[in-house]
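S.K.: The file below is coords30.txt, compact mmCIF, C-alpha atoms:
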```txt
# COMPACT_ATOMS: atom_id res chain seq x y z
CA MET G 1 -16.17 60.40 34.22
CA SER G 2 -17.08 63.99 33.29
CA LYS G 3 -15.66 65.32 30.07
CA VAL G 4 -13.13 68.14 29.93
CA GLY G 5 -11.71 70.04 27.00
CA GLY G 6 -8.22 69.18 25.88
CA ALA G 7 -5.96 68.70 22.93
CA LEU G 8 -5.09 65.31 21.54
CA PRO G 9 -2.21 63.76 23.47
CA SER G 10 1.31 63.87 22.12
CA TRP G 11 1.96 60.56 23.96
CA TYR G 12 5.49 60.90 25.23
CA TRP G 13 7.55 57.77 24.64
CA PRO G 14 11.25 57.28 25.44
CA ALA G 15 13.50 57.43 22.39
CA GLY G 16 14.50 54.05 21.00
CA ILE G 17 11.94 52.07 22.99
CA PRO G 18 9.48 50.05 20.85
CA ARG G 19 5.82 49.84 21.78
CA ARG G 20 5.72 46.14 20.93
CA VAL G 21 8.37 43.43 21.22
CA ALA G 22 8.36 39.66 20.75
CA VAL G 23 7.94 37.31 23.72
CA PRO G 24 9.57 33.84 23.82
CA GLN G 25 7.26 31.16 22.48
CA GLN G 26 8.69 28.27 24.51
CA PRO G 27 8.02 26.85 27.97
CA ILE G 28 10.13 28.55 30.62
CA ALA G 29 11.77 25.31 31.78
CA ARG G 30 13.17 24.67 28.31
CA LEU G 31 14.51 28.23 28.09
CA LEU G 32 16.07 28.09 31.57
CA ARG G 33 17.61 24.68 31.03
CA LYS G 34 19.38 26.04 27.96
CA THR G 35 20.49 29.27 29.65
CA LEU G 36 21.73 27.62 32.85
CA GLY G 37 23.49 24.86 30.94
CA ALA G 38 25.29 27.33 28.68
CA ALA G 39 27.19 28.91 31.59
CA PRO G 40 27.48 26.24 34.34
CA ASP G 41 29.96 28.24 36.43
CA GLY G 42 27.83 31.38 36.45
CA HIS G 43 26.05 32.57 39.59
CA ALA G 44 22.33 31.78 39.61
CA LEU G 45 21.16 32.49 43.18
CA TRP G 46 22.37 34.07 46.42
CA THR G 47 20.88 33.82 49.91
CA ALA G 48 22.23 35.03 53.25
CA PRO G 49 22.45 31.55 54.85
CA GLY G 50 23.86 29.68 51.89
CA GLY G 51 25.77 32.14 49.73
CA TRP G 52 26.07 31.65 45.99
CA VAL G 53 24.48 28.81 44.03
CA SER G 54 25.96 28.18 40.58
CA ASN G 55 23.92 27.67 37.43
CA ALA G 56 25.09 24.05 37.32
CA ARG G 57 24.06 23.41 40.93
CA LEU G 58 20.62 24.97 40.44
CA LEU G 59 19.98 22.96 37.30
CA ASP G 60 21.29 19.75 38.89
CA ALA G 61 19.01 20.16 41.92
CA ALA G 62 16.03 20.99 39.70
CA LEU G 63 16.65 17.88 37.60
CA GLY G 64 16.60 15.86 40.81
CA VAL G 65 13.18 17.29 41.65
CA CYS G 66 12.08 16.43 38.13
CA ALA G 67 13.25 12.83 38.60
CA ASP G 68 11.30 12.47 41.84
CA LEU G 69 8.14 13.81 40.22
CA GLN G 70 8.38 11.37 37.33
CA ALA G 71 7.43 8.65 39.80
CA ASN G 72 4.15 10.42 40.55
CA ASP G 73 2.27 10.73 37.27
CA ALA G 74 -0.99 11.52 39.05
CA ALA G 75 0.29 14.87 40.36
CA LYS G 76 -0.64 17.16 37.47
CA VAL G 77 -0.72 20.17 39.78
CA VAL G 78 1.85 20.42 42.57
CA ALA G 79 2.13 23.08 45.26
CA VAL G 80 5.45 24.51 46.43
CA VAL G 81 5.20 25.35 50.14
CA GLU G 82 8.68 26.48 51.09
CA PRO G 83 9.70 29.64 52.98
CA ASP G 84 13.27 29.66 51.64
CA PRO G 85 12.92 31.52 48.31
CA ALA G 86 16.00 29.93 46.73
CA GLN G 87 14.70 26.46 47.58
CA ALA G 88 11.24 27.44 46.35
CA LEU G 89 12.67 28.58 43.02
CA THR G 90 14.58 25.30 42.68
CA LEU G 91 11.40 23.30 43.34
CA LEU G 92 9.45 25.46 40.89
CA LEU G 93 11.98 24.88 38.12
CA GLY G 94 12.11 21.15 38.87
CA ALA G 95 8.32 20.87 38.67
CA TRP G 96 8.28 22.75 35.38
CA LEU G 97 10.98 20.45 34.00
CA ALA G 98 8.66 17.57 34.89
CA GLY G 99 5.84 19.20 32.94
CA ARG G 100 3.74 20.06 36.00
CA GLN G 101 1.59 23.05 36.79
CA VAL G 102 2.74 24.71 40.00
CA CYS G 103 0.77 26.50 42.70
CA LEU G 104 2.62 28.98 44.92
CA PRO G 105 0.18 29.40 47.83
CA ALA G 106 0.65 31.90 50.63
CA GLY G 107 -0.72 32.57 54.11
CA ASP G 108 -1.42 30.68 57.29
CA THR G 109 -2.33 27.00 57.42
CA GLU G 110 -6.03 27.64 56.90
CA ARG G 111 -5.40 29.73 53.79
CA LEU G 112 -2.90 27.20 52.49
CA ARG G 113 -5.46 24.41 52.80
CA ALA G 114 -8.06 26.49 50.94
CA GLN G 115 -5.64 27.34 48.15
CA LEU G 116 -4.48 23.74 47.76
CA ALA G 117 -8.11 22.68 47.38
CA GLU G 118 -8.78 25.48 44.91
CA ALA G 119 -5.76 24.49 42.82
CA GLN G 120 -6.67 20.79 43.10
CA ALA G 121 -3.04 20.18 44.03
CA ALA G 122 -2.22 16.48 44.33
CA LEU G 123 1.18 16.92 45.94
CA VAL G 124 3.08 19.42 48.08
CA LEU G 125 6.78 20.03 47.44
CA THR G 126 9.00 21.36 50.22
CA ALA G 127 12.59 21.30 51.41
CA ARG G 128 11.41 20.96 55.02
CA GLU G 129 10.55 17.85 56.97
CA PRO G 130 7.11 16.63 55.77
CA ARG G 131 5.84 16.48 59.34
CA GLU G 132 6.15 20.27 59.52
CA LEU G 133 3.31 20.45 56.98
CA SER G 134 1.08 17.84 58.57
CA GLY G 135 -1.88 20.22 58.77
CA LEU G 136 -2.45 20.49 55.02
CA ALA G 137 -5.66 18.47 54.88
CA GLY G 138 -4.17 15.15 53.85
CA VAL G 139 -2.35 16.32 50.71
CA PRO G 140 0.79 14.15 50.32
CA VAL G 141 4.05 15.98 51.02
CA MET G 142 7.29 15.23 49.20
CA ARG G 143 10.58 16.51 50.51
CA ALA G 144 12.85 17.59 47.68
CA PRO G 145 15.39 17.69 46.27
CA ALA G 146 16.05 14.16 47.47
CA ARG G 147 18.62 13.56 44.75
CA ALA G 148 20.32 15.55 42.05
CA GLY G 149 21.16 15.16 38.42
CA ALA G 150 19.45 11.82 37.94
CA ALA G 151 16.87 13.03 35.48
CA ALA G 152 18.96 14.52 32.69
CA ALA G 153 17.64 11.96 30.19
CA GLN G 154 14.15 11.72 31.68
CA VAL G 155 12.88 15.26 31.18
CA PRO G 156 9.59 14.95 29.29
CA ALA G 157 9.02 16.69 25.99
CA ALA G 158 8.09 20.29 26.69
CA GLY G 159 4.53 21.41 26.04
CA ARG G 160 3.42 24.71 24.60
CA ALA G 161 4.25 28.20 25.81
CA THR G 162 0.53 28.88 26.17
CA ASP G 163 -0.06 25.91 28.50
CA PRO G 164 -1.03 26.68 32.14
CA ALA G 165 2.15 26.92 34.20
CA LEU G 166 1.58 28.72 37.48
CA LEU G 167 -1.16 29.56 39.98
CA ILE G 168 -0.57 32.53 42.29
CA PRO G 169 -2.83 34.13 44.93
CA ALA G 170 -4.95 37.21 44.24
CA ALA G 171 -7.83 38.82 46.11
CA ARG G 172 -10.41 36.97 44.00
CA GLY G 173 -8.70 33.61 44.15
CA LEU G 174 -5.85 31.79 42.45
CA VAL G 175 -4.79 33.30 39.13
CA VAL G 176 -3.57 30.98 36.36
CA HIS G 177 -0.67 32.10 34.16
CA SER G 178 0.94 30.43 31.17
CA HIS G 179 4.64 30.17 30.43
CA PHE G 180 4.07 32.84 27.79
CA SER G 181 2.38 35.33 30.12
CA LEU G 182 5.13 34.89 32.73
CA SER G 183 7.82 35.49 30.10
CA ALA G 184 5.86 38.53 28.94
CA MET G 185 6.03 40.06 32.45
CA ALA G 186 9.82 40.07 32.35
CA THR G 187 9.95 41.15 28.72
CA ALA G 188 7.71 44.16 29.31
CA LEU G 189 9.98 45.66 31.96
CA SER G 190 13.35 44.90 30.36
CA ALA G 191 12.22 46.18 26.96
CA PHE G 192 10.95 49.43 28.50
CA ILE G 193 14.17 50.05 30.46
CA LYS G 194 16.86 48.37 28.38
CA GLU G 195 19.63 48.54 30.99
CA ILE G 196 17.72 45.99 33.09
CA LYS G 197 18.74 43.27 30.63
CA ASP G 198 22.29 43.48 31.98
CA LEU G 199 21.39 43.64 35.70
CA SER G 200 20.88 40.98 38.37
CA PHE G 201 17.75 41.06 40.51
CA LEU G 202 17.50 41.82 44.22
CA CYS G 203 14.37 39.96 45.38
CA THR G 204 12.75 41.11 48.64
CA THR G 205 9.23 39.70 48.18
CA PRO G 206 7.84 36.13 48.30
CA LEU G 207 8.30 34.16 45.10
CA GLY G 208 4.54 33.84 44.56
CA THR G 209 4.08 37.56 43.86
CA TRP G 210 4.01 39.00 40.37
CA GLU G 211 6.77 41.40 41.43
CA ALA G 212 9.17 38.59 42.33
CA LEU G 213 8.27 36.55 39.25
CA THR G 214 8.83 39.52 36.93
CA GLY G 215 12.31 40.10 38.30
CA ALA G 216 13.51 36.58 39.08
CA ILE G 217 12.37 34.79 35.95
CA GLY G 218 13.59 37.64 33.78
CA ALA G 219 17.04 37.70 35.39
CA LEU G 220 17.55 33.94 35.03
CA LEU G 221 16.34 33.94 31.43
CA ARG G 222 18.90 36.64 30.65
CA GLY G 223 21.70 34.71 32.36
CA ARG G 224 21.82 36.99 35.40
CA SER G 225 21.58 36.26 39.12
CA VAL G 226 18.77 36.46 41.67
CA LEU G 227 19.76 37.60 45.16
CA PHE G 228 17.22 37.00 47.95
CA THR G 229 16.95 39.10 51.10
CA ASP G 230 14.41 40.40 53.61
CA LEU G 231 14.40 44.16 54.18
CA ALA G 232 13.35 43.63 57.79
CA GLU G 233 16.32 41.38 58.62
CA PRO G 234 19.78 42.63 59.65
CA GLY G 235 21.33 40.23 57.14
CA CYS G 236 20.13 42.37 54.26
CA ASP G 237 23.23 44.54 54.72
CA ALA G 238 25.41 41.57 53.77
CA VAL G 239 24.01 41.21 50.24
CA PRO G 240 26.88 41.39 47.70
CA ILE G 241 26.54 43.68 44.72
CA PRO G 242 27.44 41.81 41.50
CA ALA G 243 29.78 43.52 39.07
CA GLU G 244 26.99 43.96 36.53
CA GLY G 245 24.79 45.77 39.08
CA LEU G 246 21.32 45.25 40.52
CA PHE G 247 17.72 46.29 40.18
CA SER G 248 14.98 45.65 42.72
CA ILE G 249 11.18 45.62 42.90
CA LEU G 250 9.93 46.40 46.40
CA CYS G 251 6.36 46.07 47.66
CA ARG G 252 5.01 49.18 49.33
CA ALA G 253 3.85 47.33 52.44
CA ASP G 254 7.38 46.02 53.04
CA VAL G 255 8.93 49.44 52.51
CA ASP G 256 6.46 51.16 54.82
CA ARG G 257 7.28 48.67 57.59
CA VAL G 258 11.03 49.29 57.56
CA ILE G 259 11.43 52.87 56.38
CA GLU G 260 11.54 54.26 59.92
CA ARG G 261 14.08 51.77 61.25
CA ARG G 262 17.31 52.76 59.56
CA ARG G 263 18.91 53.64 56.26
CA ALA G 264 18.18 51.42 53.34
CA PRO G 265 20.58 48.45 53.05
CA GLN G 266 23.67 49.02 50.95
CA ALA G 267 22.52 46.67 48.19
CA LEU G 268 19.40 48.80 47.75
CA ARG G 269 21.32 52.06 47.82
CA GLY G 270 23.74 50.56 45.33
CA SER G 271 21.06 49.27 42.97
CA ARG G 272 20.88 50.84 39.53
CA TYR G 273 17.08 50.96 39.61
CA VAL G 274 14.70 50.68 42.56
CA PHE G 275 11.02 50.12 41.74
CA VAL G 276 8.27 50.22 44.33
CA SER G 277 5.04 48.39 43.56
CA THR G 278 2.29 50.71 44.79
CA GLY G 279 -1.17 52.04 44.13
CA ALA G 280 -2.01 55.71 44.49
CA PHE G 281 0.52 57.73 46.48
CA LYS G 282 1.28 61.29 47.53
CA PRO G 283 4.42 63.12 46.39
CA ALA G 284 5.50 63.56 50.03
CA TRP G 285 5.59 59.76 50.50
CA ARG G 286 7.73 59.35 47.42
CA ARG G 287 10.18 62.08 48.50
CA ARG G 288 10.49 60.47 51.92
CA LEU G 289 11.15 57.10 50.34
CA GLU G 290 13.78 58.56 48.03
CA ALA G 291 15.55 60.14 51.00
CA TRP G 292 15.58 56.72 52.70
CA ALA G 293 16.86 54.91 49.62
CA GLY G 294 19.31 57.63 48.62
CA LYS G 295 18.19 57.54 45.00
CA PRO G 296 15.19 58.14 42.70
CA ILE G 297 12.33 55.70 43.19
CA LEU G 298 10.38 54.48 40.15
CA PRO G 299 6.73 53.66 40.96
CA LEU G 300 5.45 50.43 39.41
CA TRP G 301 1.85 49.31 39.26
CA GLY G 302 0.38 45.96 38.36
CA MET G 303 -1.70 43.13 39.78
CA PRO G 304 -1.59 39.33 39.81
CA GLU G 305 -4.08 39.13 36.95
CA ILE G 306 -1.96 41.16 34.52
CA GLY G 307 1.55 41.46 35.92
CA PRO G 308 3.33 44.83 35.59
CA ALA G 309 1.44 47.45 33.62
CA VAL G 310 2.53 51.02 34.46
CA VAL G 311 5.97 52.29 35.46
CA ALA G 312 8.02 55.46 35.55
CA HIS G 313 10.90 55.77 33.09
CA PRO G 314 14.34 56.94 34.29
CA THR G 315 14.37 59.74 31.73
CA TRP G 316 11.16 61.30 33.01
CA TYR G 317 9.34 60.54 36.24
CA PRO G 318 6.89 63.25 37.43
CA VAL G 319 6.90 63.18 41.22
CA GLY G 320 3.15 62.67 41.65
CA ALA G 321 2.51 60.25 38.79
CA HIS G 322 3.15 56.57 38.09
CA GLY G 323 4.58 56.90 34.61
CA PHE G 324 3.62 55.17 31.39
CA PRO G 325 2.15 51.91 30.10
CA LEU G 326 4.85 49.28 29.67
CA VAL G 327 5.91 47.70 26.39
CA ASN G 328 3.21 45.32 25.09
CA VAL G 329 0.64 47.00 27.37
CA SER G 330 -2.30 49.14 26.26
CA ILE G 331 -4.57 50.98 28.68
CA VAL G 332 -8.12 51.85 27.70
CA PRO G 333 -10.73 53.80 29.69
CA VAL G 334 -13.61 51.83 31.19
CA ASP G 335 -16.74 53.31 32.73
CA PRO G 336 -16.57 51.96 36.30
CA ASP G 337 -20.36 52.07 36.70
CA SER G 338 -21.41 50.26 33.52
CA GLY G 339 -18.26 48.15 33.13
CA ARG G 340 -18.14 49.04 29.45
CA GLN G 341 -15.21 50.38 27.51
CA SER G 342 -15.55 54.14 27.09
CA VAL G 343 -15.89 55.60 23.61
CA VAL G 344 -14.51 58.85 25.01
CA PRO G 345 -10.69 58.97 24.87
CA TRP G 346 -8.54 59.50 27.95
CA GLU G 347 -7.71 63.11 27.11
CA MET G 348 -11.41 63.98 27.30
CA LEU G 349 -11.97 62.36 30.70
CA THR G 350 -11.13 63.58 34.18
CA SER G 351 -10.74 59.92 35.25
CA ALA G 352 -11.84 56.39 34.41
CA GLU G 353 -11.20 52.79 35.38
CA MET G 354 -8.14 51.35 33.70
CA GLY G 355 -8.76 48.47 31.35
CA VAL G 356 -5.51 46.71 30.48
CA GLU G 357 -4.69 44.72 27.36
CA SER G 358 -1.37 42.97 27.92
CA LEU G 359 0.55 39.94 26.71
CA SER G 360 1.14 39.06 30.37
CA ALA G 361 -2.58 38.81 31.18
CA MET G 362 -3.76 35.70 33.02
CA LEU G 363 -5.39 32.71 31.39
CA GLY G 364 -8.12 32.97 34.02
CA TYR G 365 -8.87 31.89 37.58
CA ALA G 366 -8.50 28.43 39.05
CA ARG G 367 -12.26 28.42 39.71
CA PRO G 368 -13.77 29.24 36.30
CA GLY G 369 -17.42 30.19 36.52
CA GLN G 370 -17.20 30.93 40.24
CA VAL G 371 -15.50 34.29 39.79
CA PRO G 372 -17.08 37.15 37.81
CA ASP G 373 -15.42 37.64 34.44
CA LEU G 374 -13.21 40.74 34.36
CA ARG G 375 -12.69 40.70 30.61
CA ILE G 376 -14.06 43.02 27.97
CA GLY G 377 -12.83 41.20 24.91
CA LYS G 378 -9.04 41.15 25.35
CA VAL G 379 -9.13 43.91 27.96
CA VAL G 380 -8.95 43.04 31.67
CA ARG G 381 -10.80 45.30 34.10
CA THR G 382 -8.66 46.35 37.04
CA GLY G 383 -10.88 48.37 39.38
CA GLN G 384 -8.08 50.97 39.41
CA ILE G 385 -9.20 54.55 38.76
CA ALA G 386 -6.72 56.75 36.91
CA ASN G 387 -6.29 59.60 34.51
CA ILE G 388 -3.88 59.97 31.61
CA ASP G 389 -2.81 63.49 30.70
CA HIS G 390 -2.17 65.03 27.30
CA VAL G 391 1.35 63.58 27.05
CA GLY G 392 0.38 60.11 28.23
CA VAL G 393 1.44 60.27 31.90
CA VAL G 394 -0.63 57.91 34.08
CA THR G 395 -1.71 59.05 37.55
CA LEU G 396 -3.50 56.57 39.80
CA HIS G 397 -6.35 57.45 42.15
CA HIS G 398 -8.49 55.20 44.38
CA SER G 399 -9.57 51.68 43.45
CA ARG G 400 -13.14 50.50 43.05
CA PRO G 401 -14.63 47.00 43.38
CA THR G 402 -15.38 45.37 40.04
CA GLY G 403 -18.25 42.94 40.62
CA GLY G 404 -17.40 40.38 43.25
CA GLY G 405 -14.65 42.24 45.05
CA ALA G 406 -11.73 44.38 44.00
CA PRO G 407 -8.68 42.66 42.54
CA ASP G 408 -5.44 42.94 44.42
CA ALA G 409 -3.90 45.94 42.71
CA GLY G 410 -0.51 45.71 44.33
```
Starting from the coordinates I provided, produce the structure as structure tokens.
M.R.:
Amino acid sequence: MSKVGGALPSWYWPAGIPRRVAVPQQPIARLLRKTLGAAPDGHALWTAPGGWVSNARLLDAALGVCADLQANDAAKVVAVVEPDPAQALTLLLGAWLAGRQVCLPAGDTERLRAQLAEAQAALVLTAREPRELSGLAGVPVMRAPARAGAAAAQVPAAGRATDPALLIPAARGLVVHSHFSLSAMATALSAFIKEIKDLSFLCTTPLGTWEALTGAIGALLRGRSVLFTDLAEPGCDAVPIPAEGLFSILCRADVDRVIERRRAPQALRGSRYVFVSTGAFKPAWRRRLEAWAGKPILPLWGMPEIGPAVVAHPTWYPVGAHGFPLVNVSIVPVDPDSGRQSVVPWEMLTSAEMGVESLSAMLGYARPGQVPDLRIGKVVRTGQIANIDHVGVVTLHHSRPTGGGAPDAG
């Protein structure tokens, strides 16, 4: 954290992009029900085994899940344990329509049991046979959707946008997000790169990641499609490219596993924008990845606690840097040793821990009091070391633990 001389930053910002934009103040289920119902023949989802799912079919199936859950008032928190991402998204929407909080656990059976206990989930939703999930420590399992369309008049009155909506895994434990913070994730990216509003989303990561949630929820809210594929599977070459075009958010671990195997699938090479969620990287890695994908790669950084925070912009993306804070995101320097916000500005520091103030920040952890508080007022500590140069370009370095273990920084 040594000081260096330097002029005040000019803070580059793309022309026509606001620093702050409004975020929807309604529960996501209400917004999606309106959007899907307005264009019933539109394409909502695509998967390799099943092909296209219309907006009407998705909403009908979700209403069936909602109807089934109405018979179980005790299940305030339900867990979706379903490997098929399209089915998982249907179950998630159905649970939200029923006014439930949803946990999207991940991992082997032992981890699933621990996360269900942490979330205090009273019910597991799946599209598989319940006996396939018999090892989940006695939590009742409901196979859904068992029926469709029966709940159109039984959807409960929606709560508030700030109510807890979703629990997703992070290194410290389950992170709790509200409807508002989830909407803010999608808003931040589409407001920073406006063309994304018109694009469908190519989803290659599990639904319970902030990357998938940012892209999938945003696309559906804008009336666009979500196409699911696995980069490691041969079927990824069969993904259709919608007329409006695609964008994708890849996780670095997935990319690093498949980059040596073959060329990127056509849907990826044909995507308008390809983001890769990554921590610190070397320019040589990025150039290699761009050669594989056949197009510029835009680094994206975030974490489950805050969603997306830093991304490159298509008009300017220095090869060794991550880019700029997203819309509705402010980054302040934090002394990693004291944990206090620095009074010295970024341009006078060689590096510091990033503290992030964002509308997409978590409500907290599922185990309040058992996890060290990462907040400094409205700022969330990240453990991510970075520097910001005189024009505002963010470059990430190593991460450091922040009392109780480092957060999962993507």
S.K.: At a cut-off of 12 Å, using only C-alpha atoms, what residues contact Leu32 of chain G? Leave out same-chain residues fewer than 5 positions from it and give the result as a VMD selection string.
M.R.: chain G and resid 24 26 to 27 37 to 40 44 55 to 56 58 to 59 62 to 63 89 to 90 92 to 94 96 to 97 179 183 216 to 224
S.K.: May I have a table of the residues of segment 155-198 of chain G lying at most 9 Å from segment 312-329 of chain G, giving each one's closest pair of atoms and their distance in Å to one decimal, counting all atoms listed in the file, ordered by chain and ascending residue number, as JSON lines?
M.R.:
```
{"residue": "G:Ala184", "atom": "CA", "partner": "G:Asn328", "partner_atom": "CA", "distance": 8.2}
{"residue": "G:Thr187", "atom": "CA", "partner": "G:Val327", "partner_atom": "CA", "distance": 8.0}
{"residue": "G:Ala188", "atom": "CA", "partner": "G:Val327", "partner_atom": "CA", "distance": 4.9}
{"residue": "G:Leu189", "atom": "CA", "partner": "G:Leu326", "partner_atom": "CA", "distance": 6.7}
{"residue": "G:Ser190", "atom": "CA", "partner": "G:Val327", "partner_atom": "CA", "distance": 8.9}
{"residue": "G:Ala191", "atom": "CA", "partner": "G:Val327", "partner_atom": "CA", "distance": 6.5}
{"residue": "G:Phe192", "atom": "CA", "partner": "G:Val327", "partner_atom": "CA", "distance": 5.7}
{"residue": "G:Ile193", "atom": "CA", "partner": "G:His313", "partner_atom": "CA", "distance": 7.1}
```
S.K.: Do you know which residues are at most 8 Å from segment 110-126 of chain G counting all atoms listed in the file, after dropping those on the same chain fewer than 4 positions away, and could you put them as a PDB file with C-alpha atoms, in the frame of the given file?
M.R.:
```pdb
ATOM      1  CA  ALA G  74      -0.990  11.520  39.050  1.00  0.00           C
ATOM      2  CA  ALA G  75       0.290  14.870  40.360  1.00  0.00           C
ATOM      3  CA  LYS G  76      -0.640  17.160  37.470  1.00  0.00           C
ATOM      4  CA  VAL G  77      -0.720  20.170  39.780  1.00  0.00           C
ATOM      5  CA  VAL G  78       1.850  20.420  42.570  1.00  0.00           C
ATOM      6  CA  ALA G  79       2.130  23.080  45.260  1.00  0.00           C
ATOM      7  CA  VAL G  80       5.450  24.510  46.430  1.00  0.00           C
ATOM      8  CA  VAL G  81       5.200  25.350  50.140  1.00  0.00           C
ATOM      9  CA  GLU G  82       8.680  26.480  51.090  1.00  0.00           C
ATOM     10  CA  ALA G  88      11.240  27.440  46.350  1.00  0.00           C
ATOM     11  CA  LEU G  91      11.400  23.300  43.340  1.00  0.00           C
ATOM     12  CA  CYS G 103       0.770  26.500  42.700  1.00  0.00           C
ATOM     13  CA  PRO G 105       0.180  29.400  47.830  1.00  0.00           C
ATOM     14  CA  ALA G 106       0.650  31.900  50.630  1.00  0.00           C
ATOM     15  CA  PRO G 130       7.110  16.630  55.770  1.00  0.00           C
ATOM     16  CA  LEU G 136      -2.450  20.490  55.020  1.00  0.00           C
ATOM     17  CA  ALA G 137      -5.660  18.470  54.880  1.00  0.00           C
ATOM     18  CA  VAL G 139      -2.350  16.320  50.710  1.00  0.00           C
ATOM     19  CA  PRO G 140       0.790  14.150  50.320  1.00  0.00           C
ATOM     20  CA  VAL G 141       4.050  15.980  51.020  1.00  0.00           C
ATOM     21  CA  MET G 142       7.290  15.230  49.200  1.00  0.00           C
ATOM     22  CA  ARG G 143      10.580  16.510  50.510  1.00  0.00           C
ATOM     23  CA  ALA G 144      12.850  17.590  47.680  1.00  0.00           C
ATOM     24  CA  LEU G 167      -1.160  29.560  39.980  1.00  0.00           C
ATOM     25  CA  LEU G 174      -5.850  31.790  42.450  1.00  0.00           C
ATOM     26  CA  ALA G 366      -8.500  28.430  39.050  1.00  0.00           C
ATOM     27  CA  ARG G 367     -12.260  28.420  39.710  1.00  0.00           C
TER      28      ARG G 367
END
```
S.K.: If you measure from atom CA of Phe228 of chain G to atom CA of Ala67 of chain G, what distance in Å do you get, rounded to one decimal?
M.R.: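 Those two atoms sit 26.2 Å apart.
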S.K.: In Å, with one decimal, what is the gap from atom CA of Phe180 of chain G to atom CA of Pro308 of chain G?
M.R.: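 Distance between the two atoms: 14.3 Å.
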S.K.: Would you mind reading off the distance between atom CA of Arg172 of chain G and atom CA of Pro345 of chain G, one decimal, in Å?
M.R.: 29.2 Å
S.K.: Taking all atoms listed in the file into account, which of G:Glu347, G:Gly107, G:Arg100, G:Asp163 comes nearest Val393 of chain G?
M.R.: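 Residue with the minimum atom-to-atom distance to Val393 of chain G: G:Glu347.
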S.K.: Need the shell around segment 291-294 of chain G: protein/DNA/RNA residues with any atom at most 6 Å away, counting only C-alpha atoms. Skip same-chain ones fewer than 3 positions apart. Format as a list in words?
M.R.: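 So, after excluding close chain neighbours, the residues are Arg263, Ala264, Arg269 and Arg288 of chain G.
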S.K.: For each of G:Thr162, G:Thr204, G:Gln266, G:Ser360, take the minimum atom-to-atom distance to Leu231 of chain G, counting only C-alpha atoms, then give the residue where this is smallest.
M.R.: G:Thr204
S.K.: Would you compute the box with edges along x, y and z of the file around segment 382-390 of chain G, including every atom the file lists for it and 5 Å extra on each side, and give its centre and edge lengths in Å to one decimal, as JSON?
M.R.:
```
{"center_x": -6.5, "center_y": 55.7, "center_z": 33.4, "size_x": 18.7, "size_y": 28.7, "size_z": 22.1}
```
S.K.: Mind running segment 294-384 of chain G against segment 277-286 of chain G at 8 Å and telling me each contacting residue's nearest atom pair with the distance in Å (one decimal), counting all atoms listed in the file, chain and number ascending, as a tab-separated table?
M.R.:
```
residue	atom	partner	partner_atom	distance
G:Ile297	CA	G:Arg286	CA	7.2
G:Pro299	CA	G:Ser277	CA	6.1
G:Leu300	CA	G:Ser277	CA	4.6
G:Trp301	CA	G:Ser277	CA	5.4
G:Gly302	CA	G:Ser277	CA	7.4
G:Val319	CA	G:Pro283	CA	5.7
G:Gly320	CA	G:Pro283	CA	4.9
```
S.K.: Any chance you could export the current selection's C-alpha atoms as a compact mmCIF listing (two decimals), in the frame of the given file?
M.R.:
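Output file result-v8.txt follows:
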```
# COMPACT_ATOMS: atom_id res chain seq x y z
CA ILE G 297 12.33 55.70 43.19
CA PRO G 299 6.73 53.66 40.96
CA LEU G 300 5.45 50.43 39.41
CA TRP G 301 1.85 49.31 39.26
CA GLY G 302 0.38 45.96 38.36
CA VAL G 319 6.90 63.18 41.22
CA GLY G 320 3.15 62.67 41.65
```
S.K.: Find the residues around segment 353-357 of chain G up to 12 Å (all atoms listed in the file counted), leave out those fewer than 6 positions away in its own chain, and share them as number ranges by chain.
M.R.: G: 1, 301-303, 305-310, 325-342, 345-346, 374-388, 394-402, 409
S.K.: I'd like the neighbourhood of segment 197-199 of chain G as a list in words, where a residue qualifies if any of its atoms comes within 6 Å (using all atoms listed in the file), though same-chain residues fewer than 6 positions away should be ignored.
M.R.: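 My list of contacting residues is Ser190, Glu244, Gly245 and Leu246 of chain G.
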S.K.: I'd like to know which of G:Glu211, G:Pro14, G:Arg272, G:Asn72 is closest to Gly392 of chain G, using only C-alpha atoms.
M.R.: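 Closest to Gly392 of chain G of all the choices is G:Pro14.
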